[in-house]
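Engineer: Provided below: entry36.pdb, containing PDB, C-alpha atoms.
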ATOM      1  CA  VAL Z 530      -6.396 138.038  77.882
ATOM      2  CA  ARG Z 531      -3.050 138.415  76.132
ATOM      3  CA  THR Z 532      -3.248 134.854  74.813
ATOM      4  CA  THR Z 533      -6.750 135.381  73.459
ATOM      5  CA  THR Z 534      -5.783 138.666  71.797
ATOM      6  CA  THR Z 535      -2.710 137.122  70.180
ATOM      7  CA  THR Z 536      -4.777 134.226  68.815
ATOM      8  CA  MET Z 537      -7.363 136.597  67.347
ATOM      9  CA  MET Z 538      -4.638 138.719  65.676
ATOM     10  CA  MET Z 539      -3.007 135.665  64.075
ATOM     11  CA  THR Z 540      -6.382 134.469  62.735
ATOM     12  CA  THR Z 541      -7.083 137.901  61.280
ATOM     13  CA  MET Z 542      -3.660 138.037  59.565
ATOM     14  CA  LYS Z 543      -4.146 134.550  57.983
ATOM     15  CA  GLY Z 544      -7.523 135.627  56.590
ATOM     16  CA  ALA Z 545      -6.007 138.764  55.134
ATOM     17  CA  VAL Z 546      -3.266 136.796  53.442
ATOM     18  CA  MET Z 547      -5.768 134.336  51.956
ATOM     19  CA  MET Z 548      -7.966 137.147  50.638
ATOM     20  CA  LYS Z 549      -5.006 138.955  49.056
ATOM     21  CA  SER Z 550      -3.767 135.750  47.330
ATOM     22  CA  PRO Z 551      -6.752 134.172  45.482
ATOM     23  CA  THR Z 552      -4.429 132.615  42.903
ATOM     24  CA  VAL Z 553      -3.278 130.053  45.403
ATOM     25  CA  ARG Z 554      -6.696 128.487  45.499
ATOM     26  CA  ALA Z 555      -7.262 128.952  41.764
ATOM     27  CA  ARG Z 556      -4.080 127.178  40.793
ATOM     28  CA  ALA Z 557      -4.795 124.061  42.773
ATOM     29  CA  PRO Z 558      -7.816 122.981  40.710
ATOM     30  CA  ARG Z 559      -5.903 123.630  37.459
ATOM     31  CA  ALA Z 560      -3.030 121.441  38.562
ATOM     32  CA  THR Z 561      -5.459 118.738  39.567
ATOM     33  CA  ALA Z 562      -7.263 118.877  36.202
ATOM     34  CA  ALA Z 563      -3.988 118.708  34.271
ATOM     35  CA  ALA Z 564      -2.859 115.727  36.305
ATOM     36  CA  ALA Z 565      -6.186 114.012  35.687
ATOM     37  CA  ALA Z 566      -5.917 114.667  31.957
ATOM     38  CA  ALA Z 567      -2.396 113.288  31.894
ATOM     39  CA  THR Z 568      -3.561 110.226  33.779
ATOM     40  CA  THR Z 569      -6.451 109.703  31.360
ATOM     41  CA  THR Z 570      -4.196 110.059  28.309
ATOM     42  CA  THR Z 571      -1.669 107.623  29.678
ATOM     43  CA  ALA Z 572      -4.278 105.058  30.561
ATOM     44  CA  ALA Z 573      -6.060 105.197  27.177
ATOM     45  CA  PRO Z 574      -5.632 101.966  25.144
ATOM     46  CA  VAL Z 575      -3.340 102.196  22.134
ATOM     47  CA  THR Z 576      -5.036 101.212  18.882
ATOM     48  CA  PRO Z 577      -2.806  98.787  16.970
ATOM     49  CA  ARG Z 578      -1.876  99.686  13.406
ATOM     50  CA  PRO Z 579      -3.212  97.367  10.709
ATOM     51  CA  PHE Z 580      -0.451  95.015   9.651
ATOM     52  CA  ALA Z 581      -0.913  95.949   5.990
ATOM     53  CA  ALA Z 582       0.149  99.477   6.897
ATOM     54  CA  THR Z 583       3.277  98.487   8.777
ATOM     55  CA  ARG Z 584       6.692  99.159   7.357
ATOM     56  CA  GLY Z 585       7.865  96.459   5.002
ATOM     57  CA  GLY Z 586       4.408  95.616   3.613
ATOM     58  CA  ALA Z 587       2.816  92.229   4.011
ATOM     59  CA  ARG Z 588       3.043  90.420   7.321
ATOM     60  CA  ARG Z 589       5.348  87.438   7.460
ATOM     61  CA  GLY Z 590       3.420  84.314   6.645
ATOM     62  CA  ALA Z 591       0.743  86.130   4.629
ATOM     63  CA  VAL Z 592       0.628  85.126   0.970
ATOM     64  CA  CYS Z 593      -0.563  88.210  -0.904
ATOM     65  CA  VAL Z 594      -1.392  91.268   1.178
ATOM     66  CA  PRO Z 595      -1.111  94.561  -0.747
ATOM     67  CA  ARG Z 596       1.172  97.044   0.983
ATOM     68  CA  SER Z 597      -0.516 100.312   1.854
ATOM     69  CA  THR Z 598       0.866 103.607   0.656
ATOM     70  CA  ALA Z 599       0.103 107.281   0.822
ATOM     71  CA  GLY Z 600      -1.154 109.034  -2.293
ATOM     72  CA  ASP Z 601      -2.581 107.671  -5.517
ATOM     73  CA  ALA Z 602       0.248 105.501  -6.864
ATOM     74  CA  LEU Z 603       1.291 102.197  -5.305
ATOM     75  CA  PRO Z 604       5.027 101.423  -5.191
ATOM     76  CA  PRO Z 605       6.160  98.480  -7.345
ATOM     77  CA  PRO Z 606       6.281  95.894  -4.500
ATOM     78  CA  ALA Z 607       2.682  96.747  -3.594
ATOM     79  CA  VAL Z 608       1.620  96.337  -7.230
ATOM     80  CA  PHE Z 609       3.072  92.834  -7.276
ATOM     81  CA  ASP Z 610       1.160  92.025  -4.079
ATOM     82  CA  ALA Z 611      -2.009  93.395  -5.692
ATOM     83  CA  ALA Z 612      -1.481  91.096  -8.692
ATOM     84  CA  CYS Z 613      -1.115  88.113  -6.352
ATOM     85  CA  ALA Z 614      -4.300  89.069  -4.524
ATOM     86  CA  ALA Z 615      -6.097  89.389  -7.878
ATOM     87  CA  SER Z 616      -5.020  85.851  -8.788
ATOM     88  CA  GLU Z 617      -6.805  84.525  -5.698
ATOM     89  CA  LYS Z 618     -10.001  86.308  -6.738
ATOM     90  CA  LYS Z 619      -9.763  85.001 -10.284
ATOM     91  CA  SER Z 620      -9.241  81.438  -9.093
ATOM     92  CA  ALA Z 621     -12.387  81.698  -6.949
ATOM     93  CA  GLN Z 622     -14.565  82.981  -9.823
ATOM     94  CA  ALA Z 623     -17.330  80.794 -11.177
ATOM     95  CA  PRO Z 624     -16.477  79.411 -14.652
ATOM     96  CA  ALA Z 625     -19.558  81.097 -16.144
ATOM     97  CA  THR Z 626     -18.374  84.451 -14.808
ATOM     98  CA  THR Z 627     -14.874  84.010 -16.230
ATOM     99  CA  LEU Z 628     -16.252  82.940 -19.615
ATOM    100  CA  THR Z 629     -18.643  85.879 -19.760
ATOM    101  CA  LEU Z 630     -15.997  88.427 -18.828
ATOM    102  CA  SER Z 631     -13.590  86.804 -21.309
ATOM    103  CA  PHE Z 632     -16.142  86.985 -24.117
ATOM    104  CA  THR Z 633     -16.660  90.700 -23.501
ATOM    105  CA  ALA Z 634     -12.893  91.272 -23.340
ATOM    106  CA  GLY Z 635     -12.414  89.640 -26.746
ATOM    107  CA  ALA Z 636     -15.231  91.725 -28.194
ATOM    108  CA  LEU Z 637     -13.858  94.975 -26.723
ATOM    109  CA  ILE Z 638     -10.353  94.305 -28.030
ATOM    110  CA  GLY Z 639     -12.014  93.590 -31.387
ATOM    111  CA  LEU Z 640     -13.680  96.999 -31.276
ATOM    112  CA  GLY Z 641     -10.309  98.614 -30.667
ATOM    113  CA  ALA Z 642      -8.761  96.676 -33.549
ATOM    114  CA  MET Z 643     -11.680  97.710 -35.756
ATOM    115  CA  LEU Z 644     -11.009 101.364 -34.947
ATOM    116  CA  MET Z 645      -7.308 100.898 -35.669
ATOM    117  CA  THR Z 646      -8.129  99.438 -39.095
ATOM    118  CA  ALA Z 647     -10.692 102.116 -39.930
ATOM    119  CA  VAL Z 648      -8.475 105.076 -38.988
ATOM    120  CA  GLY Z 649      -4.779 104.237 -38.970
ATOM    121  CA  GLY Z 650      -4.884 101.343 -41.394
ATOM    122  CA  SER Z 651      -7.068 103.158 -43.912
ATOM    123  CA  SER Z 652      -4.764 106.115 -44.570
ATOM    124  CA  PRO Z 653      -2.697 104.973 -47.595
ATOM    125  CA  ALA Z 654      -1.599 108.503 -48.514
ATOM    126  CA  LEU Z 655      -0.221 109.082 -45.010
ATOM    127  CA  ALA Z 656       1.444 105.665 -45.009
ATOM    128  CA  SER Z 657       3.168 106.500 -48.306
ATOM    129  CA  ALA Z 658       4.215 110.017 -47.350
ATOM    130  CA  ASN Z 659       5.104 109.430 -43.706
ATOM    131  CA  PRO Z 660       5.220 105.737 -42.699
ATOM    132  CA  GLY Z 661       6.471 106.537 -39.189
ATOM    133  CA  LEU Z 662       3.561 108.841 -38.424
ATOM    134  CA  SER Z 663       1.160 106.351 -39.993
ATOM    135  CA  ALA Z 664       2.458 103.586 -37.722
ATOM    136  CA  PHE Z 665       2.130 105.836 -34.681
ATOM    137  CA  LEU Z 666      -1.438 106.729 -35.670
ATOM    138  CA  LYS Z 667      -2.341 103.035 -35.833
ATOM    139  CA  GLY Z 668      -0.789 102.563 -32.411
ATOM    140  CA  ALA Z 669      -2.463 105.517 -30.741
ATOM    141  CA  ILE Z 670      -5.944 105.060 -32.232
ATOM    142  CA  GLY Z 671      -7.684 101.801 -31.496
ATOM    143  CA  LEU Z 672      -6.149  99.236 -29.190
ATOM    144  CA  PRO Z 673      -5.452 101.650 -26.296
ATOM    145  CA  ALA Z 674      -9.190 102.369 -26.350
ATOM    146  CA  GLY Z 675      -9.976  98.655 -26.418
ATOM    147  CA  LEU Z 676      -7.790  97.824 -23.415
ATOM    148  CA  THR Z 677      -9.150 100.842 -21.545
ATOM    149  CA  MET Z 678     -12.673  99.451 -21.900
ATOM    150  CA  VAL Z 679     -11.458  96.026 -20.778
ATOM    151  CA  ILE Z 680      -9.811  97.404 -17.632
ATOM    152  CA  LEU Z 681     -12.625  99.755 -16.655
ATOM    153  CA  THR Z 682     -15.307  97.057 -17.031
ATOM    154  CA  GLY Z 683     -13.312  94.327 -15.278
ATOM    155  CA  ALA Z 684     -13.312  92.098 -18.363
ATOM    156  CA  GLU Z 685     -10.970  89.096 -18.494
ATOM    157  CA  LEU Z 686      -8.195  89.340 -21.084
ATOM    158  CA  PHE Z 687      -6.036  86.237 -21.540
ATOM    159  CA  THR Z 688      -2.782  88.123 -22.014
ATOM    160  CA  GLY Z 689      -3.165  90.018 -18.746
ATOM    161  CA  ASN Z 690      -4.494  86.909 -17.030
ATOM    162  CA  VAL Z 691      -1.188  85.138 -17.713
ATOM    163  CA  PHE Z 692       0.701  87.818 -15.767
ATOM    164  CA  VAL Z 693      -1.727  87.832 -12.831
ATOM    165  CA  MET Z 694      -2.132  84.076 -12.454
ATOM    166  CA  THR Z 695       1.586  83.361 -12.880
ATOM    167  CA  SER Z 696       2.349  85.921 -10.173
ATOM    168  CA  GLY Z 697      -0.059  84.129  -7.855
ATOM    169  CA  LEU Z 698       1.416  80.734  -8.714
ATOM    170  CA  LEU Z 699       4.979  81.859  -8.014
ATOM    171  CA  LYS Z 700       3.912  83.415  -4.724
ATOM    172  CA  GLY Z 701       1.899  80.364  -3.667
ATOM    173  CA  ALA Z 702      -1.481  82.104  -3.728
ATOM    174  CA  VAL Z 703      -2.922  79.723  -6.364
ATOM    175  CA  ASP Z 704      -2.015  76.262  -7.595
ATOM    176  CA  ALA Z 705      -1.284  75.013 -11.105
ATOM    177  CA  SER Z 706      -4.795  73.655 -11.651
ATOM    178  CA  ALA Z 707      -6.359  77.036 -10.866
ATOM    179  CA  LEU Z 708      -3.922  78.707 -13.257
ATOM    180  CA  ALA Z 709      -4.660  76.236 -16.068
ATOM    181  CA  ARG Z 710      -8.421  76.583 -15.580
ATOM    182  CA  SER Z 711      -8.283  80.378 -15.645
ATOM    183  CA  TRP Z 712      -6.021  80.442 -18.706
ATOM    184  CA  ALA Z 713      -8.239  78.022 -20.630
ATOM    185  CA  LEU Z 714     -11.509  79.786 -19.817
ATOM    186  CA  SER Z 715     -10.155  83.245 -20.614
ATOM    187  CA  TYR Z 716      -8.576  82.068 -23.870
ATOM    188  CA  VAL Z 717     -11.723  80.345 -25.128
ATOM    189  CA  GLY Z 718     -13.891  83.287 -24.123
ATOM    190  CA  ASN Z 719     -11.546  85.788 -25.803
ATOM    191  CA  PHE Z 720     -11.511  83.744 -29.014
ATOM    192  CA  ALA Z 721     -15.304  83.547 -29.121
ATOM    193  CA  GLY Z 722     -15.751  87.243 -28.392
ATOM    194  CA  SER Z 723     -13.182  88.345 -30.978
ATOM    195  CA  VAL Z 724     -14.581  86.173 -33.783
ATOM    196  CA  PHE Z 725     -18.109  87.286 -32.895
ATOM    197  CA  MET Z 726     -17.039  90.931 -33.157
ATOM    198  CA  ALA Z 727     -15.356  90.207 -36.501
ATOM    199  CA  TRP Z 728     -18.622  88.765 -37.812
ATOM    200  CA  LEU Z 729     -20.595  91.682 -36.386
ATOM    201  CA  ALA Z 730     -18.213  94.205 -37.987
ATOM    202  CA  TYR Z 731     -18.492  92.381 -41.318
ATOM    203  CA  THR Z 732     -22.286  92.299 -41.097
ATOM    204  CA  ALA Z 733     -22.400  95.994 -40.186
ATOM    205  CA  LEU Z 734     -20.275  96.858 -43.263
ATOM    206  CA  THR Z 735     -17.763  98.755 -41.132
ATOM    207  CA  ALA Z 736     -15.093  98.123 -43.796
ATOM    208  CA  ALA Z 737     -17.270  99.014 -46.776
ATOM    209  CA  ALA Z 738     -14.917 101.780 -47.936
ATOM    210  CA  PRO Z 739     -12.375 100.419 -50.437
ATOM    211  CA  ALA Z 740      -9.397 101.708 -48.430
ATOM    212  CA  THR Z 741     -10.693 100.052 -45.264
ATOM    213  CA  THR Z 742     -11.365  96.771 -47.048
ATOM    214  CA  ALA Z 743      -7.874  96.775 -48.527
ATOM    215  CA  ALA Z 744      -6.384  97.568 -45.122
ATOM    216  CA  ALA Z 745      -8.249  94.724 -43.393
ATOM    217  CA  ILE Z 746      -7.272  92.204 -46.069
ATOM    218  CA  GLY Z 747      -3.650  93.358 -46.043
ATOM    219  CA  ILE Z 748      -3.411  93.110 -42.240
ATOM    220  CA  ALA Z 749      -4.839  89.567 -42.194
ATOM    221  CA  THR Z 750      -2.591  88.356 -45.023
ATOM    222  CA  ALA Z 751       0.576  89.804 -43.506
ATOM    223  CA  LYS Z 752      -0.120  88.388 -40.054
ATOM    224  CA  ALA Z 753      -0.819  84.868 -41.345
ATOM    225  CA  SER Z 754       2.405  84.887 -43.385
ATOM    226  CA  LEU Z 755       4.888  85.474 -40.547
ATOM    227  CA  PRO Z 756       7.662  82.929 -39.907
ATOM    228  CA  PHE Z 757       7.100  80.996 -36.679
ATOM    229  CA  SER Z 758      10.146  82.488 -34.940
ATOM    230  CA  ALA Z 759       9.216  86.035 -35.897
ATOM    231  CA  ALA Z 760       5.620  85.602 -34.702
ATOM    232  CA  PHE Z 761       6.868  84.122 -31.419
ATOM    233  CA  ALA Z 762       9.356  86.946 -30.793
ATOM    234  CA  LYS Z 763       6.769  89.591 -31.666
ATOM    235  CA  GLY Z 764       4.396  87.900 -29.222
ATOM    236  CA  VAL Z 765       6.985  88.036 -26.421
ATOM    237  CA  LEU Z 766       7.647  91.729 -26.957
ATOM    238  CA  CYS Z 767       3.971  92.546 -27.290
ATOM    239  CA  ASN Z 768       2.784  90.986 -24.070
ATOM    240  CA  TRP Z 769       5.754  92.288 -22.128
ATOM    241  CA  LEU Z 770       4.386  95.740 -22.927
ATOM    242  CA  VAL Z 771       0.713  94.823 -22.510
ATOM    243  CA  CYS Z 772       1.341  93.416 -19.046
ATOM    244  CA  LEU Z 773       3.281  96.527 -18.073
ATOM    245  CA  ALA Z 774       0.162  98.465 -19.069
ATOM    246  CA  VAL Z 775      -1.907  96.196 -16.811
ATOM    247  CA  TRP Z 776       0.731  96.664 -14.084
ATOM    248  CA  GLY Z 777       0.337 100.425 -14.431
ATOM    249  CA  THR Z 778      -3.440 100.239 -14.059
ATOM    250  CA  MET Z 779      -2.979  98.312 -10.802
ATOM    251  CA  ALA Z 780      -0.671 101.027  -9.485
ATOM    252  CA  THR Z 781      -3.348 103.724  -9.561
ATOM    253  CA  THR Z 782      -6.949 104.076  -8.419
ATOM    254  CA  SER Z 783      -7.904 106.986 -10.700
ATOM    255  CA  VAL Z 784      -9.528 106.513 -14.099
ATOM    256  CA  ALA Z 785      -7.220 109.127 -15.638
ATOM    257  CA  GLY Z 786      -4.187 107.332 -14.231
ATOM    258  CA  LYS Z 787      -5.353 103.999 -15.665
ATOM    259  CA  ILE Z 788      -5.920 105.503 -19.109
ATOM    260  CA  LEU Z 789      -2.455 107.073 -19.126
ATOM    261  CA  ALA Z 790      -0.867 103.830 -17.904
ATOM    262  CA  ILE Z 791      -2.492 101.997 -20.824
ATOM    263  CA  PHE Z 792      -1.760 104.504 -23.579
ATOM    264  CA  TRP Z 793       2.029 104.424 -23.910
ATOM    265  CA  PRO Z 794       2.764 100.664 -23.698
ATOM    266  CA  ILE Z 795      -0.109  99.755 -26.066
ATOM    267  CA  THR Z 796       0.792 102.520 -28.506
ATOM    268  CA  MET Z 797       4.380 101.248 -28.450
ATOM    269  CA  PHE Z 798       3.544  97.642 -29.262
ATOM    270  CA  VAL Z 799       1.203  98.487 -32.157
ATOM    271  CA  THR Z 800       3.530 101.133 -33.602
ATOM    272  CA  LEU Z 801       6.465  98.720 -33.488
ATOM    273  CA  GLY Z 802       4.479  95.944 -35.176
ATOM    274  CA  PHE Z 803       4.358  93.417 -32.334
ATOM    275  CA  GLU Z 804       1.717  90.683 -32.178
ATOM    276  CA  HIS Z 805      -1.193  90.299 -29.739
ATOM    277  CA  SER Z 806      -3.001  86.966 -29.927
ATOM    278  CA  VAL Z 807      -6.439  88.259 -28.909
ATOM    279  CA  ALA Z 808      -6.341  91.254 -31.267
ATOM    280  CA  ASN Z 809      -5.351  88.864 -34.058
ATOM    281  CA  MET Z 810      -8.367  86.685 -33.239
ATOM    282  CA  PHE Z 811     -10.364  89.629 -34.588
ATOM    283  CA  LEU Z 812      -8.076  91.042 -37.272
ATOM    284  CA  ILE Z 813      -7.401  87.825 -39.207
ATOM    285  CA  PRO Z 814     -10.990  86.462 -39.297
ATOM    286  CA  HIS Z 815     -12.273  89.932 -40.212
ATOM    287  CA  GLY Z 816      -9.851  90.090 -43.128
ATOM    288  CA  MET Z 817     -10.805  86.552 -44.145
ATOM    289  CA  MET Z 818     -14.493  87.494 -44.215
ATOM    290  CA  LEU Z 819     -13.625  90.432 -46.470
ATOM    291  CA  GLY Z 820     -11.731  88.238 -48.932
ATOM    292  CA  ALA Z 821      -8.209  87.599 -47.577
ATOM    293  CA  ASN Z 822      -6.758  84.382 -49.012
ATOM    294  CA  VAL Z 823      -6.108  82.842 -45.592
ATOM    295  CA  THR Z 824      -7.464  79.574 -44.203
ATOM    296  CA  TRP Z 825      -8.262  78.852 -40.576
ATOM    297  CA  ALA Z 826      -5.352  76.388 -40.454
ATOM    298  CA  GLN Z 827      -2.973  79.034 -41.809
ATOM    299  CA  MET Z 828      -4.279  81.513 -39.263
ATOM    300  CA  MET Z 829      -3.666  79.124 -36.370
ATOM    301  CA  THR Z 830      -0.266  77.757 -37.379
ATOM    302  CA  GLY Z 831       1.068  80.930 -38.972
ATOM    303  CA  ASN Z 832       0.014  83.341 -36.263
ATOM    304  CA  ILE Z 833      -2.265  82.440 -33.360
ATOM    305  CA  ILE Z 834      -0.248  79.517 -31.943
ATOM    306  CA  PRO Z 835       3.247  81.073 -32.086
ATOM    307  CA  VAL Z 836       1.958  84.471 -30.982
ATOM    308  CA  THR Z 837       0.077  82.913 -28.053
ATOM    309  CA  LEU Z 838       3.214  81.081 -26.943
ATOM    310  CA  GLY Z 839       5.192  84.301 -27.201
ATOM    311  CA  ASN Z 840       2.536  86.193 -25.249
ATOM    312  CA  ILE Z 841       2.760  83.602 -22.463
ATOM    313  CA  VAL Z 842       6.544  83.901 -22.255
ATOM    314  CA  GLY Z 843       6.422  87.703 -22.289
ATOM    315  CA  ALA Z 844       3.986  87.794 -19.379
ATOM    316  CA  ALA Z 845       5.211  84.840 -17.323
ATOM    317  CA  VAL Z 846       8.955  85.418 -17.603
ATOM    318  CA  PHE Z 847       9.522  89.128 -18.088
ATOM    319  CA  VAL Z 848       6.721  90.553 -15.959
ATOM    320  CA  ALA Z 849       5.493  87.983 -13.419
ATOM    321  CA  GLY Z 850       8.812  86.142 -13.112
ATOM    322  CA  ALA Z 851      11.085  89.176 -13.049
ATOM    323  CA  HIS Z 852       8.992  90.997 -10.471
ATOM    324  CA  TYR Z 853       8.616  87.897  -8.331
ATOM    325  CA  ILE Z 854      12.409  87.753  -8.102
ATOM    326  CA  ALA Z 855      12.556  91.467  -7.307
ATOM    327  CA  TYR Z 856       9.607  91.811  -4.918
ATOM    328  CA  GLY Z 857       7.966  88.452  -4.257
ATOM    329  CA  LYS Z 858      10.741  86.599  -2.456
ATOM    330  CA  LYS Z 859      10.743  87.250   1.281
TER
END
Go ahead and express the file in the form of structure tokens.
Structural biologist:
Amino acid sequence: VRTTTTTMMMTTMKGAVMMKSPTVRARAPRATAAAAAATTTTAAPVTPRPFAATRGGARRGAVCVPRSTAGDALPPPAVFDAACAASEKKSAQAPATTLTLSFTAGALIGLGAMLMTAVGGSSPALASANPGLSAFLKGAIGLPAGLTMVILTGAELFTGNVFVMTSGLLKGAVDASALARSWALSYVGNFAGSVFMAWLAYTALTAAAPATTAAAIGIATAKASLPFSAAFAKGVLCNWLVCLAVWGTMATTSVAGKILAIFWPITMFVTLGFEHSVANMFLIPHGMMLGANVTWAQMMTGNIIPVTLGNIVGAAVFVAGAHYIAYGKK
């Protein structure tokens, strides 16, 4: 009897304890759930980061892989990689596509040069009273607009093409034959588009005002009369700046950023009187059509050839070459 009573009392006391302490049972499931969650988290597969986003940029062995970055602007090494990647795309383009885009680029640069002549070049009173402001006006109004249209439409400008394709050649993304083909197609297309725009501007009487006619003739005559060395040096300086403008447009994805990147370098080169071969393919023929005493041979030997050579050196040496040494060598 005593044994049975003792057993019953112990059972009753255990039940009382369990009823007074419900948290003991409540905590157990929580601990189990937390452990399960920890187990699930630990066992989950880790997603590898894309190699383009890894520190240091492009993976070893890759030719031209743009480095990723946070924010709108790419850092300079990533811009060089983007130029190399663009060279691969250009080399794969169909010739008809390159020619078409080059024709439109020449025409658009011609439109910018036309605006420069009509506004900045046709202000003789300003030029006489304040030549510095007049030069700045010519730089700010015209060619920045032309290059903006080229960049935003994806047109193919020879001077920028030299920078892009040379970058790809130095990096090993394209070979010399691809570079030569792209240069030739873009140059021919630019020439055709610029001369066509000069004829169209002449036919449309855009320089009918006496001041505009005088400005166009004066520009053509002065450009065709440059010494070879001066035209070459002006070409180097010009395309150094133009390609830095193109570099700036590659560093940003916003339209506003591209426009701002274009404005200052292009304004600088026009204000300082440097020479751009494609712009001159419009300016000199347009002046000739309006009465400038310049022959096609004088145009080529006195301006287009030395300026083109200078443009190539400015892009290939001081932009593509310099930045390959800084960022392209691994």
Engineer: Give me the result of the PyMOL selection byres ((chain Z and resi 747) around 12) on this file, residue by residue, as a PDB file with C-alpha atoms, keeping the file's coordinate frame.
Structural biologist:
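Saved result, part_31.pdb, follows:
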ATOM      1  CA  THR Z 646      -8.129  99.438 -39.095  1.00  0.00           C
ATOM      2  CA  GLY Z 650      -4.884 101.343 -41.394  1.00  0.00           C
ATOM      3  CA  SER Z 651      -7.068 103.158 -43.912  1.00  0.00           C
ATOM      4  CA  PRO Z 653      -2.697 104.973 -47.595  1.00  0.00           C
ATOM      5  CA  ALA Z 740      -9.397 101.708 -48.430  1.00  0.00           C
ATOM      6  CA  THR Z 741     -10.693 100.052 -45.264  1.00  0.00           C
ATOM      7  CA  THR Z 742     -11.365  96.771 -47.048  1.00  0.00           C
ATOM      8  CA  ALA Z 743      -7.874  96.775 -48.527  1.00  0.00           C
ATOM      9  CA  ALA Z 744      -6.384  97.568 -45.122  1.00  0.00           C
ATOM     10  CA  ALA Z 745      -8.249  94.724 -43.393  1.00  0.00           C
ATOM     11  CA  ILE Z 746      -7.272  92.204 -46.069  1.00  0.00           C
ATOM     12  CA  ILE Z 748      -3.411  93.110 -42.240  1.00  0.00           C
ATOM     13  CA  ALA Z 749      -4.839  89.567 -42.194  1.00  0.00           C
ATOM     14  CA  THR Z 750      -2.591  88.356 -45.023  1.00  0.00           C
ATOM     15  CA  ALA Z 751       0.576  89.804 -43.506  1.00  0.00           C
ATOM     16  CA  LYS Z 752      -0.120  88.388 -40.054  1.00  0.00           C
ATOM     17  CA  ALA Z 753      -0.819  84.868 -41.345  1.00  0.00           C
ATOM     18  CA  SER Z 754       2.405  84.887 -43.385  1.00  0.00           C
ATOM     19  CA  LEU Z 812      -8.076  91.042 -37.272  1.00  0.00           C
ATOM     20  CA  ILE Z 813      -7.401  87.825 -39.207  1.00  0.00           C
ATOM     21  CA  HIS Z 815     -12.273  89.932 -40.212  1.00  0.00           C
ATOM     22  CA  GLY Z 816      -9.851  90.090 -43.128  1.00  0.00           C
ATOM     23  CA  MET Z 817     -10.805  86.552 -44.145  1.00  0.00           C
ATOM     24  CA  LEU Z 819     -13.625  90.432 -46.470  1.00  0.00           C
ATOM     25  CA  GLY Z 820     -11.731  88.238 -48.932  1.00  0.00           C
ATOM     26  CA  ALA Z 821      -8.209  87.599 -47.577  1.00  0.00           C
ATOM     27  CA  ASN Z 822      -6.758  84.382 -49.012  1.00  0.00           C
ATOM     28  CA  VAL Z 823      -6.108  82.842 -45.592  1.00  0.00           C
TER      29      VAL Z 823
END
Engineer: Selection in question (the file shown): the PyMOL selection byres ((chain Z and resi 678-682) around 8). Which residues does it include, as a PDB file with C-alpha atoms, in the frame of the given file?
Structural biologist:
ATOM      1  CA  THR Z 633     -16.660  90.700 -23.501  1.00  0.00           C
ATOM      2  CA  ALA Z 634     -12.893  91.272 -23.340  1.00  0.00           C
ATOM      3  CA  LEU Z 637     -13.858  94.975 -26.723  1.00  0.00           C
ATOM      4  CA  ILE Z 638     -10.353  94.305 -28.030  1.00  0.00           C
ATOM      5  CA  ALA Z 674      -9.190 102.369 -26.350  1.00  0.00           C
ATOM      6  CA  GLY Z 675      -9.976  98.655 -26.418  1.00  0.00           C
ATOM      7  CA  LEU Z 676      -7.790  97.824 -23.415  1.00  0.00           C
ATOM      8  CA  THR Z 677      -9.150 100.842 -21.545  1.00  0.00           C
ATOM      9  CA  GLY Z 683     -13.312  94.327 -15.278  1.00  0.00           C
ATOM     10  CA  ALA Z 684     -13.312  92.098 -18.363  1.00  0.00           C
ATOM     11  CA  GLU Z 685     -10.970  89.096 -18.494  1.00  0.00           C
ATOM     12  CA  LEU Z 686      -8.195  89.340 -21.084  1.00  0.00           C
ATOM     13  CA  THR Z 778      -3.440 100.239 -14.059  1.00  0.00           C
ATOM     14  CA  VAL Z 784      -9.528 106.513 -14.099  1.00  0.00           C
TER      15      VAL Z 784
END
Engineer: Evaluate the PyMOL selection byres ((chain Z and resi 773) around 10) here and jot the selected residues down as a list in words.
Structural biologist: Gly689, Phe692, Asn768, Trp769, Leu770, Val771, Cys772, Ala774, Val775, Trp776, Gly777, Thr778, Met779, Ala790, Ile791, Trp793, Pro794, Ile795, Ala844, Phe847, Val848 and Ala849 of chain Z
Engineer: Write out, as an mmCIF file, keeping the file's coordinate frame, the residues just selected, with C-alpha atoms.
Structural biologist:
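Result went into out38.cif, see below:
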data_model
loop_
_atom_site.group_PDB
_atom_site.id
_atom_site.type_symbol
_atom_site.label_atom_id
_atom_site.label_comp_id
_atom_site.auth_asym_id
_atom_site.auth_seq_id
_atom_site.Cartn_x
_atom_site.Cartn_y
_atom_site.Cartn_z
ATOM 1 C CA GLY Z 689 -3.165 90.018 -18.746
ATOM 2 C CA PHE Z 692 0.701 87.818 -15.767
ATOM 3 C CA ASN Z 768 2.784 90.986 -24.070
ATOM 4 C CA TRP Z 769 5.754 92.288 -22.128
ATOM 5 C CA LEU Z 770 4.386 95.740 -22.927
ATOM 6 C CA VAL Z 771 0.713 94.823 -22.510
ATOM 7 C CA CYS Z 772 1.341 93.416 -19.046
ATOM 8 C CA ALA Z 774 0.162 98.465 -19.069
ATOM 9 C CA VAL Z 775 -1.907 96.196 -16.811
ATOM 10 C CA TRP Z 776 0.731 96.664 -14.084
ATOM 11 C CA GLY Z 777 0.337 100.425 -14.431
ATOM 12 C CA THR Z 778 -3.440 100.239 -14.059
ATOM 13 C CA MET Z 779 -2.979 98.312 -10.802
ATOM 14 C CA ALA Z 790 -0.867 103.830 -17.904
ATOM 15 C CA ILE Z 791 -2.492 101.997 -20.824
ATOM 16 C CA TRP Z 793 2.029 104.424 -23.910
ATOM 17 C CA PRO Z 794 2.764 100.664 -23.698
ATOM 18 C CA ILE Z 795 -0.109 99.755 -26.066
ATOM 19 C CA ALA Z 844 3.986 87.794 -19.379
ATOM 20 C CA PHE Z 847 9.522 89.128 -18.088
ATOM 21 C CA VAL Z 848 6.721 90.553 -15.959
ATOM 22 C CA ALA Z 849 5.493 87.983 -13.419
#
